[in-house]
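query-v1.txt (compact mmCIF, N, CA and C atoms) appears below.
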```txt
# COMPACT_ATOMS: atom_id res chain seq x y z
N ALA A 17 -3.73 -38.78 9.90
CA ALA A 17 -4.21 -37.41 10.04
C ALA A 17 -3.64 -36.52 8.93
N PHE A 18 -2.33 -36.61 8.68
CA PHE A 18 -1.73 -35.78 7.63
C PHE A 18 -2.37 -36.08 6.29
N ASP A 19 -2.56 -37.37 6.00
CA ASP A 19 -3.13 -37.76 4.72
C ASP A 19 -4.52 -37.17 4.52
N SER A 20 -5.35 -37.18 5.54
CA SER A 20 -6.71 -36.64 5.40
C SER A 20 -6.68 -35.12 5.27
N ILE A 21 -5.78 -34.46 5.99
CA ILE A 21 -5.66 -32.99 5.87
C ILE A 21 -5.17 -32.64 4.46
N PHE A 22 -4.14 -33.34 4.01
CA PHE A 22 -3.58 -33.08 2.69
C PHE A 22 -4.62 -33.32 1.60
N CYS A 23 -5.36 -34.41 1.70
CA CYS A 23 -6.38 -34.73 0.70
C CYS A 23 -7.49 -33.69 0.68
N SER A 24 -7.87 -33.17 1.84
CA SER A 24 -8.94 -32.16 1.86
C SER A 24 -8.47 -30.87 1.19
N VAL A 25 -7.21 -30.54 1.31
CA VAL A 25 -6.66 -29.36 0.63
C VAL A 25 -6.69 -29.58 -0.88
N LEU A 26 -6.39 -30.79 -1.31
CA LEU A 26 -6.36 -31.08 -2.75
C LEU A 26 -7.72 -30.91 -3.41
N ASP A 27 -8.79 -31.04 -2.65
CA ASP A 27 -10.14 -30.85 -3.19
C ASP A 27 -10.31 -29.47 -3.84
N GLU A 28 -9.51 -28.50 -3.39
CA GLU A 28 -9.59 -27.15 -3.95
C GLU A 28 -9.00 -27.05 -5.35
N PHE A 29 -8.30 -28.09 -5.79
CA PHE A 29 -7.59 -28.04 -7.07
C PHE A 29 -8.11 -29.05 -8.09
N THR A 30 -9.29 -29.58 -7.88
CA THR A 30 -9.82 -30.61 -8.77
C THR A 30 -10.12 -30.09 -10.17
N ASP A 31 -10.22 -28.77 -10.35
CA ASP A 31 -10.47 -28.23 -11.68
C ASP A 31 -9.18 -28.01 -12.47
N SER A 32 -8.04 -28.30 -11.87
CA SER A 32 -6.75 -28.15 -12.56
C SER A 32 -6.66 -29.15 -13.71
N GLU A 33 -6.00 -28.73 -14.78
CA GLU A 33 -5.88 -29.58 -15.97
C GLU A 33 -4.49 -30.18 -16.15
N LEU A 34 -3.50 -29.57 -15.53
CA LEU A 34 -2.13 -30.03 -15.70
C LEU A 34 -1.31 -29.56 -14.50
N ILE A 35 -0.41 -30.41 -14.05
CA ILE A 35 0.46 -30.08 -12.92
C ILE A 35 1.86 -29.76 -13.44
N ILE A 36 2.41 -28.66 -12.93
CA ILE A 36 3.76 -28.23 -13.29
C ILE A 36 4.58 -28.11 -12.01
N PRO A 37 5.59 -28.97 -11.81
CA PRO A 37 6.45 -28.82 -10.64
C PRO A 37 7.51 -27.75 -10.89
N VAL A 38 7.90 -27.03 -9.85
CA VAL A 38 8.98 -26.05 -9.97
C VAL A 38 10.26 -26.83 -10.25
N PRO A 39 10.95 -26.48 -11.33
CA PRO A 39 12.14 -27.25 -11.70
C PRO A 39 13.40 -26.82 -10.95
N LEU A 40 14.32 -27.75 -10.86
CA LEU A 40 15.66 -27.45 -10.38
C LEU A 40 16.56 -27.25 -11.60
N HIS A 41 17.61 -26.48 -11.44
CA HIS A 41 18.61 -26.39 -12.50
C HIS A 41 19.28 -27.76 -12.61
N ARG A 42 19.69 -28.15 -13.83
CA ARG A 42 20.24 -29.49 -14.02
C ARG A 42 21.45 -29.76 -13.14
N LYS A 43 22.26 -28.73 -12.85
CA LYS A 43 23.42 -28.92 -11.97
C LYS A 43 22.96 -29.23 -10.54
N ARG A 44 21.97 -28.51 -10.06
CA ARG A 44 21.47 -28.75 -8.70
C ARG A 44 20.78 -30.11 -8.61
N LEU A 45 20.07 -30.50 -9.68
CA LEU A 45 19.43 -31.80 -9.71
C LEU A 45 20.47 -32.92 -9.65
N LYS A 46 21.55 -32.74 -10.37
CA LYS A 46 22.62 -33.73 -10.36
C LYS A 46 23.24 -33.85 -8.96
N GLU A 47 23.44 -32.70 -8.29
CA GLU A 47 24.00 -32.70 -6.94
C GLU A 47 23.07 -33.39 -5.94
N ARG A 48 21.79 -33.06 -6.02
CA ARG A 48 20.81 -33.54 -5.05
C ARG A 48 20.32 -34.95 -5.37
N GLY A 49 20.16 -35.24 -6.65
CA GLY A 49 19.71 -36.56 -7.06
C GLY A 49 18.20 -36.70 -7.18
N PHE A 50 17.45 -35.68 -6.80
CA PHE A 50 16.00 -35.71 -6.91
C PHE A 50 15.46 -34.29 -6.88
N ASN A 51 14.24 -34.12 -7.38
CA ASN A 51 13.56 -32.84 -7.32
C ASN A 51 12.38 -33.02 -6.37
N GLN A 52 12.44 -32.39 -5.22
CA GLN A 52 11.40 -32.54 -4.20
C GLN A 52 10.04 -32.04 -4.70
N SER A 53 10.01 -31.04 -5.54
CA SER A 53 8.74 -30.55 -6.09
C SER A 53 8.12 -31.56 -7.05
N LEU A 54 8.95 -32.24 -7.83
CA LEU A 54 8.46 -33.28 -8.72
C LEU A 54 7.90 -34.46 -7.91
N MET A 55 8.57 -34.81 -6.82
CA MET A 55 8.08 -35.89 -5.97
C MET A 55 6.69 -35.56 -5.41
N LEU A 56 6.52 -34.33 -4.96
CA LEU A 56 5.23 -33.88 -4.44
C LEU A 56 4.20 -33.85 -5.57
N ALA A 57 4.61 -33.39 -6.74
CA ALA A 57 3.70 -33.32 -7.90
C ALA A 57 3.19 -34.71 -8.28
N ARG A 58 4.05 -35.70 -8.19
CA ARG A 58 3.62 -37.07 -8.51
C ARG A 58 2.54 -37.56 -7.55
N LEU A 59 2.71 -37.25 -6.28
CA LEU A 59 1.70 -37.63 -5.29
C LEU A 59 0.37 -36.95 -5.58
N VAL A 60 0.42 -35.66 -5.85
CA VAL A 60 -0.79 -34.89 -6.15
C VAL A 60 -1.44 -35.39 -7.44
N ALA A 61 -0.64 -35.67 -8.45
CA ALA A 61 -1.16 -36.16 -9.73
C ALA A 61 -1.93 -37.46 -9.55
N ARG A 62 -1.39 -38.35 -8.73
CA ARG A 62 -2.09 -39.62 -8.47
C ARG A 62 -3.41 -39.38 -7.76
N ARG A 63 -3.41 -38.49 -6.78
CA ARG A 63 -4.64 -38.21 -6.01
C ARG A 63 -5.71 -37.54 -6.85
N LEU A 64 -5.29 -36.64 -7.74
CA LEU A 64 -6.26 -35.88 -8.54
C LEU A 64 -6.48 -36.47 -9.93
N ASN A 65 -5.69 -37.47 -10.29
CA ASN A 65 -5.76 -38.07 -11.61
C ASN A 65 -5.56 -37.03 -12.71
N ILE A 66 -4.49 -36.26 -12.56
CA ILE A 66 -4.12 -35.19 -13.49
C ILE A 66 -2.69 -35.45 -13.97
N ASP A 67 -2.42 -35.17 -15.23
CA ASP A 67 -1.08 -35.35 -15.78
C ASP A 67 -0.11 -34.30 -15.25
N ILE A 68 1.17 -34.67 -15.27
CA ILE A 68 2.27 -33.77 -14.92
C ILE A 68 3.03 -33.45 -16.19
N ASP A 69 3.43 -32.20 -16.34
CA ASP A 69 4.35 -31.82 -17.41
C ASP A 69 5.60 -31.28 -16.73
N TYR A 70 6.63 -32.11 -16.63
CA TYR A 70 7.86 -31.70 -15.96
C TYR A 70 8.89 -31.13 -16.93
N SER A 71 8.52 -31.01 -18.20
CA SER A 71 9.46 -30.44 -19.17
C SER A 71 9.00 -29.07 -19.68
N ALA A 72 7.81 -28.65 -19.31
CA ALA A 72 7.27 -27.38 -19.81
C ALA A 72 8.01 -26.17 -19.25
N LEU A 73 8.34 -26.24 -17.98
CA LEU A 73 9.00 -25.13 -17.31
C LEU A 73 10.42 -25.55 -16.99
N LYS A 74 11.36 -24.69 -17.36
CA LYS A 74 12.77 -25.04 -17.14
C LYS A 74 13.47 -23.90 -16.42
N ARG A 75 14.34 -24.28 -15.50
CA ARG A 75 15.20 -23.29 -14.85
C ARG A 75 16.41 -23.15 -15.76
N VAL A 76 16.51 -22.02 -16.42
CA VAL A 76 17.53 -21.82 -17.44
C VAL A 76 18.80 -21.16 -16.91
N ARG A 77 18.74 -20.74 -15.66
CA ARG A 77 19.91 -20.09 -15.06
C ARG A 77 20.10 -20.65 -13.66
N LEU A 78 21.32 -21.07 -13.35
CA LEU A 78 21.64 -21.55 -12.01
C LEU A 78 21.62 -20.36 -11.07
N THR A 79 20.87 -20.48 -10.01
CA THR A 79 20.74 -19.39 -9.04
C THR A 79 21.32 -19.82 -7.70
N ARG A 80 21.63 -18.84 -6.88
CA ARG A 80 22.06 -19.17 -5.52
C ARG A 80 20.87 -19.78 -4.79
N PRO A 81 21.12 -20.68 -3.85
CA PRO A 81 20.01 -21.22 -3.07
C PRO A 81 19.26 -20.09 -2.35
N GLN A 82 17.93 -20.10 -2.45
CA GLN A 82 17.11 -19.05 -1.85
C GLN A 82 17.29 -18.98 -0.34
N THR A 83 17.64 -20.10 0.28
CA THR A 83 17.81 -20.13 1.74
C THR A 83 18.96 -19.23 2.20
N GLU A 84 19.86 -18.89 1.27
CA GLU A 84 20.99 -18.01 1.61
C GLU A 84 20.62 -16.53 1.52
N LEU A 85 19.41 -16.22 1.02
CA LEU A 85 19.04 -14.84 0.71
C LEU A 85 17.82 -14.40 1.49
N LYS A 86 17.59 -13.09 1.48
CA LYS A 86 16.42 -12.51 2.13
C LYS A 86 15.61 -11.69 1.13
N GLY A 87 14.31 -11.53 1.42
CA GLY A 87 13.38 -10.67 0.70
C GLY A 87 13.69 -10.31 -0.73
N GLN A 88 14.09 -9.05 -0.94
CA GLN A 88 14.32 -8.53 -2.29
C GLN A 88 15.44 -9.27 -3.01
N GLU A 89 16.44 -9.76 -2.25
CA GLU A 89 17.52 -10.53 -2.87
C GLU A 89 16.96 -11.78 -3.54
N ARG A 90 15.96 -12.40 -2.92
CA ARG A 90 15.36 -13.61 -3.48
C ARG A 90 14.66 -13.30 -4.80
N LYS A 91 13.97 -12.17 -4.87
CA LYS A 91 13.29 -11.79 -6.12
C LYS A 91 14.31 -11.56 -7.23
N ARG A 92 15.36 -10.83 -6.92
CA ARG A 92 16.40 -10.57 -7.93
C ARG A 92 17.09 -11.87 -8.36
N ASN A 93 17.29 -12.77 -7.41
CA ASN A 93 17.98 -14.02 -7.68
C ASN A 93 17.24 -14.88 -8.72
N VAL A 94 15.92 -14.92 -8.65
CA VAL A 94 15.17 -15.80 -9.56
C VAL A 94 14.60 -15.07 -10.78
N HIS A 95 14.76 -13.75 -10.84
CA HIS A 95 14.24 -13.00 -11.99
C HIS A 95 14.90 -13.51 -13.27
N GLY A 96 14.08 -13.94 -14.21
CA GLY A 96 14.57 -14.44 -15.49
C GLY A 96 15.18 -15.83 -15.45
N ALA A 97 15.03 -16.53 -14.33
CA ALA A 97 15.64 -17.85 -14.19
C ALA A 97 14.81 -18.97 -14.80
N PHE A 98 13.54 -18.69 -15.16
CA PHE A 98 12.65 -19.73 -15.67
C PHE A 98 12.12 -19.37 -17.05
N GLU A 99 11.93 -20.40 -17.88
CA GLU A 99 11.33 -20.21 -19.20
C GLU A 99 10.39 -21.36 -19.49
N VAL A 100 9.35 -21.07 -20.28
CA VAL A 100 8.48 -22.12 -20.80
C VAL A 100 9.16 -22.63 -22.05
N MET A 101 9.34 -23.94 -22.13
CA MET A 101 10.12 -24.54 -23.20
C MET A 101 9.29 -24.80 -24.45
N GLY A 102 9.96 -24.73 -25.58
CA GLY A 102 9.33 -25.02 -26.86
C GLY A 102 8.19 -24.07 -27.16
N ASN A 103 7.23 -24.57 -27.86
CA ASN A 103 6.05 -23.77 -28.22
C ASN A 103 4.86 -24.13 -27.36
N LYS A 104 5.12 -24.46 -26.10
CA LYS A 104 4.03 -24.84 -25.20
C LYS A 104 3.05 -23.68 -25.10
N LYS A 105 1.83 -23.96 -25.41
CA LYS A 105 0.77 -22.96 -25.32
C LYS A 105 -0.24 -23.46 -24.30
N PHE A 106 -0.44 -22.69 -23.29
CA PHE A 106 -1.36 -23.08 -22.23
C PHE A 106 -2.57 -22.14 -22.17
N LYS A 107 -2.82 -21.43 -23.26
CA LYS A 107 -3.92 -20.47 -23.26
C LYS A 107 -5.22 -21.13 -22.82
N GLY A 108 -5.81 -20.56 -21.77
CA GLY A 108 -7.07 -21.06 -21.25
C GLY A 108 -6.96 -22.29 -20.36
N LYS A 109 -5.75 -22.85 -20.22
CA LYS A 109 -5.56 -24.04 -19.38
C LYS A 109 -5.44 -23.63 -17.91
N LYS A 110 -5.88 -24.51 -17.04
CA LYS A 110 -5.76 -24.31 -15.60
C LYS A 110 -4.59 -25.16 -15.10
N LEU A 111 -3.49 -24.49 -14.80
CA LEU A 111 -2.29 -25.17 -14.35
C LEU A 111 -2.19 -25.14 -12.84
N LEU A 112 -1.64 -26.21 -12.28
CA LEU A 112 -1.35 -26.27 -10.85
C LEU A 112 0.16 -26.33 -10.71
N LEU A 113 0.73 -25.25 -10.21
CA LEU A 113 2.17 -25.12 -10.00
C LEU A 113 2.49 -25.61 -8.60
N ILE A 114 3.45 -26.52 -8.49
CA ILE A 114 3.75 -27.14 -7.20
C ILE A 114 5.20 -26.91 -6.82
N ASP A 115 5.39 -26.48 -5.56
CA ASP A 115 6.71 -26.33 -4.97
C ASP A 115 6.67 -26.91 -3.57
N ASP A 116 7.83 -27.16 -3.00
CA ASP A 116 7.85 -27.77 -1.68
C ASP A 116 7.62 -26.76 -0.56
N VAL A 117 8.34 -25.64 -0.58
CA VAL A 117 8.23 -24.66 0.51
C VAL A 117 8.02 -23.26 -0.03
N TYR A 118 7.09 -22.54 0.57
CA TYR A 118 6.83 -21.13 0.25
C TYR A 118 7.41 -20.31 1.39
N THR A 119 8.38 -19.48 1.07
CA THR A 119 8.97 -18.60 2.09
C THR A 119 8.56 -17.17 1.79
N THR A 120 9.23 -16.53 0.83
CA THR A 120 8.84 -15.17 0.46
C THR A 120 7.93 -15.16 -0.76
N GLY A 121 7.86 -16.28 -1.46
CA GLY A 121 7.04 -16.37 -2.67
C GLY A 121 7.78 -15.95 -3.93
N ALA A 122 9.06 -15.65 -3.83
CA ALA A 122 9.81 -15.17 -5.00
C ALA A 122 9.88 -16.22 -6.10
N THR A 123 10.21 -17.45 -5.76
CA THR A 123 10.34 -18.51 -6.77
C THR A 123 9.00 -18.82 -7.41
N ILE A 124 8.00 -19.03 -6.59
CA ILE A 124 6.69 -19.42 -7.11
C ILE A 124 6.09 -18.27 -7.93
N SER A 125 6.32 -17.04 -7.51
CA SER A 125 5.81 -15.88 -8.26
C SER A 125 6.46 -15.76 -9.63
N GLU A 126 7.76 -15.99 -9.68
CA GLU A 126 8.47 -15.91 -10.97
C GLU A 126 7.98 -17.01 -11.91
N CYS A 127 7.82 -18.22 -11.38
CA CYS A 127 7.32 -19.33 -12.21
C CYS A 127 5.90 -19.04 -12.69
N ALA A 128 5.05 -18.58 -11.79
CA ALA A 128 3.66 -18.28 -12.15
C ALA A 128 3.59 -17.19 -13.21
N LYS A 129 4.45 -16.19 -13.10
CA LYS A 129 4.49 -15.10 -14.08
C LYS A 129 4.82 -15.63 -15.47
N VAL A 130 5.83 -16.50 -15.54
CA VAL A 130 6.25 -17.06 -16.82
C VAL A 130 5.14 -17.94 -17.41
N LEU A 131 4.52 -18.77 -16.58
CA LEU A 131 3.45 -19.65 -17.06
C LEU A 131 2.20 -18.87 -17.46
N SER A 132 1.82 -17.88 -16.67
CA SER A 132 0.62 -17.10 -17.01
C SER A 132 0.85 -16.26 -18.26
N GLY A 133 2.10 -16.00 -18.58
CA GLY A 133 2.43 -15.29 -19.81
C GLY A 133 2.06 -16.07 -21.06
N THR A 134 1.80 -17.35 -20.93
CA THR A 134 1.38 -18.18 -22.06
C THR A 134 -0.14 -18.20 -22.19
N GLY A 135 -0.84 -17.48 -21.30
CA GLY A 135 -2.30 -17.45 -21.34
C GLY A 135 -2.96 -18.42 -20.39
N ALA A 136 -2.18 -19.05 -19.53
CA ALA A 136 -2.72 -20.02 -18.58
C ALA A 136 -3.21 -19.33 -17.31
N GLY A 137 -4.14 -20.02 -16.66
CA GLY A 137 -4.50 -19.67 -15.29
C GLY A 137 -3.62 -20.52 -14.39
N VAL A 138 -3.04 -19.92 -13.37
CA VAL A 138 -2.09 -20.65 -12.53
C VAL A 138 -2.55 -20.62 -11.08
N SER A 139 -2.70 -21.82 -10.51
CA SER A 139 -2.92 -21.98 -9.07
C SER A 139 -1.63 -22.53 -8.50
N VAL A 140 -1.44 -22.32 -7.20
CA VAL A 140 -0.19 -22.73 -6.56
C VAL A 140 -0.50 -23.62 -5.35
N LEU A 141 0.30 -24.67 -5.22
CA LEU A 141 0.22 -25.54 -4.05
C LEU A 141 1.63 -25.78 -3.56
N THR A 142 1.85 -25.54 -2.27
CA THR A 142 3.13 -25.86 -1.64
C THR A 142 2.85 -26.76 -0.46
N LEU A 143 3.83 -27.57 -0.12
CA LEU A 143 3.68 -28.48 1.00
C LEU A 143 3.75 -27.72 2.32
N ALA A 144 4.62 -26.72 2.38
CA ALA A 144 4.84 -26.00 3.63
C ALA A 144 4.95 -24.52 3.39
N ARG A 145 4.68 -23.76 4.43
CA ARG A 145 4.84 -22.31 4.43
C ARG A 145 5.84 -21.99 5.52
N SER A 146 6.94 -21.39 5.17
CA SER A 146 7.97 -21.02 6.13
C SER A 146 7.63 -19.67 6.74
N ALA A 147 7.78 -19.56 8.05
CA ALA A 147 7.49 -18.29 8.72
C ALA A 147 8.34 -18.15 9.97
N ARG A 148 8.68 -16.93 10.29
CA ARG A 148 9.38 -16.66 11.55
C ARG A 148 8.35 -16.32 12.61
N VAL A 149 8.54 -16.89 13.77
CA VAL A 149 7.63 -16.59 14.88
C VAL A 149 8.40 -16.10 16.08
```
Please, can you express the file's structure as structure tokens?
Amino acid sequence: AFDSIFCSVLDEFTDSELIIPVPLHRKRLKERGFNQSLMLARLVARRLNIDIDYSALKRVRLTRPQTELKGQERKRNVHGAFEVMGNKKFKGKKLLLIDDVYTTGATISECAKVLSGTGAGVSVLTLARSARV
């Protein structure tokens, strides 16, 4: 059931040209041993037959874990934390930005802002949406 639901959602992103996973800072990656967004991106890339660029977007500043923060604190925490590396030009490209969980949207918004600044169109896919009920 999950597989069929997930695959039907992916149909909305078939026009994407490149997948960009939200990066972890190298220190956090070393601590954790894996990047959950990259793992999800690999699954999506296989399903859509689209390449992944995991080096285009880099977290250049170690930030506090977003789970420790609320609302505006999350926005301030990730402001300026991401950069597009090298001379990557995505003008006119349709990028699919992937993260594991969307809570306030601070991380994904900051990443999308940086990527769209290169002239790209950015769509977003997350595995889960966090909400209080």
Next on the checklist: Quick check, in Å to one decimal: how far apart do atom N of A:Leu85 and atom N of A:Thr123 lie?
Outcome noted: 11.5 Å
Checklist entry - Using all atoms listed in the file, which of A:Gly135, A:Pro37, A:Gly121, A:Gly108 sits nearest A:Ala72? => result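 Among the listed residues, A:Pro37 lies closest to A:Ala72.
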Checklist entry - Hey, what's within 12 Å of A:Leu141 if we count only C-alpha atoms and toss same-chain stuff fewer than 6 positions away? As a list in words, please? => result Phe22, Val25, Leu26, Asp27, Glu28, Phe29, Ser32, Ile35, Ile36, Pro37, Val38, Ser53, Leu56, Ala57, Val60, Leu111, Leu112, Leu113, Ile114, Asp115, Asp116, Val117, Tyr118, Gly121, Ile124, Ser125 and Ala128 of chain A
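Checking A:Leu78, A:Ala61, A:Ile68, A:Val94 one by one against A:Val130, counting only C-alpha atoms, you find the shortest gap at A:Val94.
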Item to check | Which of chain A fall in strand (DSSP E), as a VMD selection string | outcome: chain A and resid 34 to 37 73 to 75 98 to 100 110 to 118 137 to 145
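Note that atom N of A:Arg58 and atom CA of A:Ala136 are 20.0 Å apart.
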Item to check | A:Val76, A:Thr30, A:Ala97, A:Glu89 ranked by distance to A:Leu64, top pick (using only N, CA and C atoms) | outcome: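 Of A:Val76, A:Thr30, A:Ala97, A:Glu89, the one nearest A:Leu64, counting only N, CA and C atoms, is A:Thr30.
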Item to check | Expected answer as number ranges by chain: alpha helix (DSSP H) residues in chain A | outcome: A: 18-26, 42-48, 52-64, 87-94, 122-132
Selection above as a file: N, CA and C atoms, as a tab-separated table (two decimals), in the frame of the given file:
```tsv
chain	number	residue	atom	x	y	z
A	18	PHE	N	-2.33	-36.61	8.68
A	18	PHE	CA	-1.73	-35.78	7.63
A	18	PHE	C	-2.37	-36.08	6.29
A	19	ASP	N	-2.56	-37.37	6.00
A	19	ASP	CA	-3.13	-37.76	4.72
A	19	ASP	C	-4.52	-37.17	4.52
A	20	SER	N	-5.35	-37.18	5.54
A	20	SER	CA	-6.71	-36.64	5.40
A	20	SER	C	-6.68	-35.12	5.27
A	21	ILE	N	-5.78	-34.46	5.99
A	21	ILE	CA	-5.66	-32.99	5.87
A	21	ILE	C	-5.17	-32.64	4.46
A	22	PHE	N	-4.14	-33.34	4.01
A	22	PHE	CA	-3.58	-33.08	2.69
A	22	PHE	C	-4.62	-33.32	1.60
A	23	CYS	N	-5.36	-34.41	1.70
A	23	CYS	CA	-6.38	-34.73	0.70
A	23	CYS	C	-7.49	-33.69	0.68
A	24	SER	N	-7.87	-33.17	1.84
A	24	SER	CA	-8.94	-32.16	1.86
A	24	SER	C	-8.47	-30.87	1.19
A	25	VAL	N	-7.21	-30.54	1.31
A	25	VAL	CA	-6.66	-29.36	0.63
A	25	VAL	C	-6.69	-29.58	-0.88
A	26	LEU	N	-6.39	-30.79	-1.31
A	26	LEU	CA	-6.36	-31.08	-2.75
A	26	LEU	C	-7.72	-30.91	-3.41
A	42	ARG	N	19.69	-28.15	-13.83
A	42	ARG	CA	20.24	-29.49	-14.02
A	42	ARG	C	21.45	-29.76	-13.14
A	43	LYS	N	22.26	-28.73	-12.85
A	43	LYS	CA	23.42	-28.92	-11.97
A	43	LYS	C	22.96	-29.23	-10.54
A	44	ARG	N	21.97	-28.51	-10.06
A	44	ARG	CA	21.47	-28.75	-8.70
A	44	ARG	C	20.78	-30.11	-8.61
A	45	LEU	N	20.07	-30.50	-9.68
A	45	LEU	CA	19.43	-31.80	-9.71
A	45	LEU	C	20.47	-32.92	-9.65
A	46	LYS	N	21.55	-32.74	-10.37
A	46	LYS	CA	22.62	-33.73	-10.36
A	46	LYS	C	23.24	-33.85	-8.96
A	47	GLU	N	23.44	-32.70	-8.29
A	47	GLU	CA	24.00	-32.70	-6.94
A	47	GLU	C	23.07	-33.39	-5.94
A	48	ARG	N	21.79	-33.06	-6.02
A	48	ARG	CA	20.81	-33.54	-5.05
A	48	ARG	C	20.32	-34.95	-5.37
A	52	GLN	N	12.44	-32.39	-5.22
A	52	GLN	CA	11.40	-32.54	-4.20
A	52	GLN	C	10.04	-32.04	-4.70
A	53	SER	N	10.01	-31.04	-5.54
A	53	SER	CA	8.74	-30.55	-6.09
A	53	SER	C	8.12	-31.56	-7.05
A	54	LEU	N	8.95	-32.24	-7.83
A	54	LEU	CA	8.46	-33.28	-8.72
A	54	LEU	C	7.90	-34.46	-7.91
A	55	MET	N	8.57	-34.81	-6.82
A	55	MET	CA	8.08	-35.89	-5.97
A	55	MET	C	6.69	-35.56	-5.41
A	56	LEU	N	6.52	-34.33	-4.96
A	56	LEU	CA	5.23	-33.88	-4.44
A	56	LEU	C	4.20	-33.85	-5.57
A	57	ALA	N	4.61	-33.39	-6.74
A	57	ALA	CA	3.70	-33.32	-7.90
A	57	ALA	C	3.19	-34.71	-8.28
A	58	ARG	N	4.05	-35.70	-8.19
A	58	ARG	CA	3.62	-37.07	-8.51
A	58	ARG	C	2.54	-37.56	-7.55
A	59	LEU	N	2.71	-37.25	-6.28
A	59	LEU	CA	1.70	-37.63	-5.29
A	59	LEU	C	0.37	-36.95	-5.58
A	60	VAL	N	0.42	-35.66	-5.85
A	60	VAL	CA	-0.79	-34.89	-6.15
A	60	VAL	C	-1.44	-35.39	-7.44
A	61	ALA	N	-0.64	-35.67	-8.45
A	61	ALA	CA	-1.16	-36.16	-9.73
A	61	ALA	C	-1.93	-37.46	-9.55
A	62	ARG	N	-1.39	-38.35	-8.73
A	62	ARG	CA	-2.09	-39.62	-8.47
A	62	ARG	C	-3.41	-39.38	-7.76
A	63	ARG	N	-3.41	-38.49	-6.78
A	63	ARG	CA	-4.64	-38.21	-6.01
A	63	ARG	C	-5.71	-37.54	-6.85
A	64	LEU	N	-5.29	-36.64	-7.74
A	64	LEU	CA	-6.26	-35.88	-8.54
A	64	LEU	C	-6.48	-36.47	-9.93
A	87	GLY	N	14.31	-11.53	1.42
A	87	GLY	CA	13.38	-10.67	0.70
A	87	GLY	C	13.69	-10.31	-0.73
A	88	GLN	N	14.09	-9.05	-0.94
A	88	GLN	CA	14.32	-8.53	-2.29
A	88	GLN	C	15.44	-9.27	-3.01
A	89	GLU	N	16.44	-9.76	-2.25
A	89	GLU	CA	17.52	-10.53	-2.87
A	89	GLU	C	16.96	-11.78	-3.54
A	90	ARG	N	15.96	-12.40	-2.92
A	90	ARG	CA	15.36	-13.61	-3.48
A	90	ARG	C	14.66	-13.30	-4.80
A	91	LYS	N	13.97	-12.17	-4.87
A	91	LYS	CA	13.29	-11.79	-6.12
A	91	LYS	C	14.31	-11.56	-7.23
A	92	ARG	N	15.36	-10.83	-6.92
A	92	ARG	CA	16.40	-10.57	-7.93
A	92	ARG	C	17.09	-11.87	-8.36
A	93	ASN	N	17.29	-12.77	-7.41
A	93	ASN	CA	17.98	-14.02	-7.68
A	93	ASN	C	17.24	-14.88	-8.72
A	94	VAL	N	15.92	-14.92	-8.65
A	94	VAL	CA	15.17	-15.80	-9.56
A	94	VAL	C	14.60	-15.07	-10.78
A	122	ALA	N	9.06	-15.65	-3.83
A	122	ALA	CA	9.81	-15.17	-5.00
A	122	ALA	C	9.88	-16.22	-6.10
A	123	THR	N	10.21	-17.45	-5.76
A	123	THR	CA	10.34	-18.51	-6.77
A	123	THR	C	9.00	-18.82	-7.41
A	124	ILE	N	8.00	-19.03	-6.59
A	124	ILE	CA	6.69	-19.42	-7.11
A	124	ILE	C	6.09	-18.27	-7.93
A	125	SER	N	6.32	-17.04	-7.51
A	125	SER	CA	5.81	-15.88	-8.26
A	125	SER	C	6.46	-15.76	-9.63
A	126	GLU	N	7.76	-15.99	-9.68
A	126	GLU	CA	8.47	-15.91	-10.97
A	126	GLU	C	7.98	-17.01	-11.91
A	127	CYS	N	7.82	-18.22	-11.38
A	127	CYS	CA	7.32	-19.33	-12.21
A	127	CYS	C	5.90	-19.04	-12.69
A	128	ALA	N	5.05	-18.58	-11.79
A	128	ALA	CA	3.66	-18.28	-12.15
A	128	ALA	C	3.59	-17.19	-13.21
A	129	LYS	N	4.45	-16.19	-13.10
A	129	LYS	CA	4.49	-15.10	-14.08
A	129	LYS	C	4.82	-15.63	-15.47
A	130	VAL	N	5.83	-16.50	-15.54
A	130	VAL	CA	6.25	-17.06	-16.82
A	130	VAL	C	5.14	-17.94	-17.41
A	131	LEU	N	4.52	-18.77	-16.58
A	131	LEU	CA	3.45	-19.65	-17.06
A	131	LEU	C	2.20	-18.87	-17.46
A	132	SER	N	1.82	-17.88	-16.67
A	132	SER	CA	0.62	-17.10	-17.01
A	132	SER	C	0.85	-16.26	-18.26
```
Checklist entry - Which protein, DNA or RNA residues have an atom at most 6 Å from (9.2, -20.3, -14.6), counting only C-alpha atoms? List them as a PyMOL selection string. => result chain A and resi 73+98-99+126-127+130
Checklist entry - At what distance in Å, to one decimal, does atom CA of A:Leu131 lie from atom CA of A:Asn65? => result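 So the two atoms, atom CA of A:Asn65 and atom CA of A:Leu131, lie 21.3 Å apart.
Minimum atom-to-atom distances from A:Asn51, A:Val138, A:Ser24, A:Gly96 to A:Lys110 were compared using all atoms listed in the file, and the lowest value belongs to A:Val138.
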Checklist entry - What's the 7 Å shell around A:Thr134, counting only N, CA and C atoms, without same-chain residues fewer than 4 positions away, as a ChimeraX atom specification? => result /A:104-108,129-130
Axis-aligned box for all listed atoms of stretch 76-87 of chain A, 8 Å per side, centre and edges in Å to one decimal, as AutoDock Vina command-line options:
```
--center_x 17.7 --center_y -16.2 --center_z -7.6 --size_x 24.7 --size_y 27.7 --size_z 35.6
```
Item to check | Spatial neighbours of A:Lys86, max dist 10 Å, only C-alpha atoms, sep filter under 4 positions, as a PyMOL selection string | outcome: chain A and resi 82+90-91+119-120
Item to check | For A:Phe50: contacts at 12 Å, only C-alpha atoms, fewer than 5 positions along chain excluded, given as a PyMOL selection string | outcome: chain A and resi 39-45+55-56
